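S.K.: Pasting a structure below so you can have a look.
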Amino acid sequence: MRGLRAELSEIFTSIQGEGILLGVKQLFVRFSKCNLNCYYCDTPKDSKFCRDHVRGKTLRNPIDLEYVEDVAKSVKVHSISWTGGEPLLYADFIRNFEKIHPFYLESNMTLPDEAKKVRNLVDYVAGDFKVRFVLKNVDYEEVFENTVRCFKILRNTRKRLTFCKVVLPSNFPLDEVVQSVYSIKDYVSAVVLQPVFGENVKSLLELQDRLIEICDVRVIPQVHKYLGLR
Ligand code: SF4
């Protein structure tokens, strides 16, 4: 469907700085809205303008799908990272996008009906499992249930690499995180424990010890921030 538009905050190329595909070069398409409200969020939720760093332009939102396709055609990358904000709020935009490069979805995994729209399109899924304490003003039981549904829909297959990312604040309920991981372990290739940038996360290695028997679990920080990259 042509004529689709989305609210973006920026378009740029960089390395993937998180998770198990750390270091690959990507085109990042960052959407500007989200259905959650994490305390550490550094993404503008509303943006009148989109900064296109590839072409050195600032554009007024919303942005045409064809414009982003043209940018994607002009770069050599491993994949397109649909990021945010929450990309699944724009599932129709993503599923109508010409697949010039493989699709890498970075999602908070709380919108299962939208996840169904892109399940046959995405090649990589970096899906969050939110810790209760990082969210403000939400029904956590609903978040939990929707997250498990999303991982089931976007599960790891022979054609798709899906992993889970748990962003950890300095204090967190260890048993609850173990339970979260246990509930999605059959749908993911690995679980990444990612400390909130700049926080001294207690119990990180204790958590890894608890999880090591149920999945491939790795501690990986946000490397792009240490390198001073976007
Ligand atoms: S899910 Fe991501 S974009 Fe949404 S509020 Fe949390 S950190 Fe920000």
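Ordering of the structure tokens sets the chain letters (A, B, ...); residue numbers start at 1 within each chain; ligands are numbered from 1 in the order shown.
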Any chance you could tabulate, as a Markdown table, the residues of region 100-121 of chain A at most 9 Å from region 141-148 of chain A with each one's nearest atom pair and distance in Å to one decimal, using only C-alpha atoms, in chain and rising number order?

M.R.:
```
| residue | atom | partner | partner_atom | distance |
| --- | --- | --- | --- | --- |
| A:Asn108 | CA | A:Thr147 | CA | 7.9 |
| A:Met109 | CA | A:Thr147 | CA | 5.0 |
| A:Thr110 | CA | A:Asn146 | CA | 5.0 |
| A:Leu111 | CA | A:Asn146 | CA | 6.6 |
| A:Pro112 | CA | A:Asn146 | CA | 6.2 |
```

S.K.: Find the residues near region 58-64 of chain A: any atom within 6 Å, counting only C-alpha atoms, skip ones fewer than 6 places away on the same chain, and give them as a VMD selection string.

M.R.: chain A and resid 5 to 7 48 to 52

S.K.: Could you list, as a ChimeraX atom specification, all protein and nucleic acid residues with an atom at most 12 Å from ligand 1, counting only C-alpha atoms and all ligand atoms?

M.R.: /A:9,30-46,82-89,106-111,126-138,143,147,165-168,196-197

S.K.: Write a file of the just-selected residues containing C-alpha atoms, as a CSV table (one decimal), in the first residue's frame.

M.R.:
```csv
chain,number,residue,atom,x,y,z
A,9,SER,CA,12.8,10.9,15.0
A,30,ARG,CA,13.9,5.3,14.6
A,31,PHE,CA,10.2,5.8,15.1
A,32,SER,CA,9.2,8.5,17.6
A,33,LYS,CA,6.3,7.1,19.6
A,34,CYS,CA,6.0,4.4,22.2
A,35,ASN,CA,3.2,2.7,24.2
A,36,LEU,CA,5.4,2.3,27.3
A,37,ASN,CA,7.2,4.7,29.6
A,38,CYS,CA,10.5,3.3,30.9
A,39,TYR,CA,12.3,5.5,33.3
A,40,TYR,CA,15.6,5.3,31.4
A,41,CYS,CA,14.2,6.0,28.0
A,42,ASP,CA,16.3,8.3,25.9
A,43,THR,CA,14.1,8.3,22.8
A,44,PRO,CA,11.9,11.3,22.0
A,45,LYS,CA,8.3,10.1,22.0
A,46,ASP,CA,7.0,12.9,19.9
A,82,TRP,CA,13.4,-0.8,12.9
A,83,THR,CA,13.8,0.9,16.3
A,84,GLY,CA,12.2,3.5,18.4
A,85,GLY,CA,10.1,4.4,20.1
A,86,GLU,CA,8.1,1.3,19.4
A,87,PRO,CA,8.3,0.0,15.8
A,88,LEU,CA,5.3,-2.3,16.1
A,89,LEU,CA,3.1,0.8,16.3
A,106,GLU,CA,13.9,-3.9,18.0
A,107,SER,CA,10.7,-4.1,20.0
A,108,ASN,CA,9.3,-3.9,23.5
A,109,MET,CA,7.2,-6.9,22.6
A,110,THR,CA,3.9,-5.8,24.1
A,111,LEU,CA,1.8,-5.5,20.9
A,126,ALA,CA,15.8,-8.2,19.5
A,127,GLY,CA,12.9,-8.3,21.8
A,128,ASP,CA,12.7,-6.8,25.3
A,129,PHE,CA,11.3,-8.5,28.4
A,130,LYS,CA,10.7,-5.5,30.7
A,131,VAL,CA,11.5,-5.7,34.3
A,132,ARG,CA,8.5,-4.5,36.4
A,133,PHE,CA,10.5,-1.7,38.1
A,134,VAL,CA,11.5,0.1,35.0
A,135,LEU,CA,7.9,0.8,33.9
A,136,LYS,CA,5.7,3.6,35.0
A,137,ASN,CA,1.9,3.6,35.0
A,138,VAL,CA,1.2,0.2,33.4
A,143,VAL,CA,2.7,-6.4,29.9
A,147,THR,CA,5.3,-10.2,26.0
A,165,LYS,CA,17.1,-8.5,25.9
A,166,VAL,CA,16.5,-7.8,29.6
A,167,VAL,CA,17.5,-4.3,30.5
A,168,LEU,CA,18.5,-4.4,34.2
A,196,VAL,CA,21.0,0.3,32.3
A,197,PHE,CA,23.8,2.5,30.9
```

S.K.: Which residues are near Val223 (chain A)? Cut-off 9 Å, only C-alpha atoms, ignore same chain within fewer than 4 positions. Put them as a short mmCIF file (atom, residue, chain, number, x, y, z; two decimals) with C-alpha atoms, in the first residue's frame.

M.R.:
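The result, written out as around-v7.cif:
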```cif
data_model
loop_
_atom_site.label_atom_id
_atom_site.label_comp_id
_atom_site.auth_asym_id
_atom_site.auth_seq_id
_atom_site.Cartn_x
_atom_site.Cartn_y
_atom_site.Cartn_z
CA GLN A 16 24.43 -2.29 16.19
CA GLY A 17 25.58 -1.62 19.73
CA GLU A 18 23.45 -4.13 21.63
CA LEU A 22 26.85 -6.53 18.11
CA GLY A 23 28.99 -4.65 15.58
CA LEU A 227 32.41 4.20 21.82
CA GLY A 228 30.59 7.52 21.73
CA LEU A 229 28.53 6.45 18.70
#
```

S.K.: Write out as a list of chain:residue names all residues of region 125-195 of chain A that DSSP puts in alpha helix (DSSP H) for this structure's backbone.

M.R.: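 Alpha helix (DSSP H) assignments inside region 125-195 of chain A correspond to A:Tyr140, A:Glu141, A:Glu142, A:Val143, A:Phe144, A:Glu145, A:Asn146, A:Thr147, A:Val148, A:Arg149, A:Cys150, A:Phe151, A:Lys152, A:Ile153, A:Leu174, A:Asp175, A:Glu176, A:Val177, A:Val178, A:Gln179, A:Ser180, A:Val181, A:Tyr182, A:Ser183, A:Ile184.
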
S.K.: What does the structure give for the distance between CA of Arg155 (chain A) and CA of Ser183 (chain A), in Å to one decimal?

M.R.: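 Between CA of Arg155 (chain A) and CA of Ser183 (chain A) the gap is 12.5 Å.
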
S.K.: Quick one: pull the distance between CA of Leu211 (chain A) and CA of Gln194 (chain A), Å, one decimal.

M.R.: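 About the pair CA of Leu211 (chain A) and CA of Gln194 (chain A): they are 14.1 Å apart.
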
S.K.: I'd like the contact shell of Arg218 (chain A) - 9 Å cut-off, only C-alpha atoms, skipping same-chain residues fewer than 5 positions apart - returned as a VMD selection string.

M.R.: chain A and resid 19 to 20 190 to 194 208 212

S.K.: Output C-alpha atoms of each residue in that selection to a file, as a PDB file, in the first residue's frame.

M.R.:
```pdb
ATOM      1  CA  GLY A  19      22.761  -7.829  21.735  1.00  0.00           C
ATOM      2  CA  ILE A  20      24.132 -10.811  19.885  1.00  0.00           C
ATOM      3  CA  ALA A 190      19.715 -16.438  23.618  1.00  0.00           C
ATOM      4  CA  VAL A 191      18.997 -14.037  26.454  1.00  0.00           C
ATOM      5  CA  VAL A 192      21.072 -10.874  26.817  1.00  0.00           C
ATOM      6  CA  LEU A 193      21.367  -9.170  30.188  1.00  0.00           C
ATOM      7  CA  GLN A 194      21.976  -5.493  29.496  1.00  0.00           C
ATOM      8  CA  GLN A 208      23.482 -15.182  34.930  1.00  0.00           C
ATOM      9  CA  ILE A 212      22.712 -20.534  32.642  1.00  0.00           C
TER      10      ILE A 212
END
```

S.K.: Of the candidates A:Gly198, A:Pro173, A:Pro102, A:Gly3, which shows the shortest atom-to-atom distance to Leu65 (chain A), using only C-alpha atoms?

M.R.: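 With only C-alpha atoms as the atom set, the closest residue is A:Gly3.
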
S.K.: Of the candidates A:Leu204, A:Leu27, A:Cys164, A:Val68, which one gets nearest to His101 (chain A) if we count only C-alpha atoms?

M.R.: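 Of A:Leu204, A:Leu27, A:Cys164, A:Val68, the one nearest His101 (chain A), counting only C-alpha atoms, is A:Leu27.
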
S.K.: Can you pull out the residues contacting Pro169 (chain A)? Cut-off 7 Å, using only C-alpha atoms, and skip same-chain residues under 4 positions away; I want them as a ChimeraX atom specification.

M.R.: /A:195-196,199,201

S.K.: Convert the current residue selection to file output with C-alpha atoms, as an mmCIF file, in the first residue's frame.

M.R.:
```cif
data_model
loop_
_atom_site.group_PDB
_atom_site.id
_atom_site.type_symbol
_atom_site.label_atom_id
_atom_site.label_comp_id
_atom_site.auth_asym_id
_atom_site.auth_seq_id
_atom_site.Cartn_x
_atom_site.Cartn_y
_atom_site.Cartn_z
ATOM 1 C CA PRO A 195 22.648 -3.154 32.445
ATOM 2 C CA VAL A 196 21.005 0.277 32.257
ATOM 3 C CA GLU A 199 24.100 2.020 36.554
ATOM 4 C CA VAL A 201 23.798 -3.434 38.554
#
```
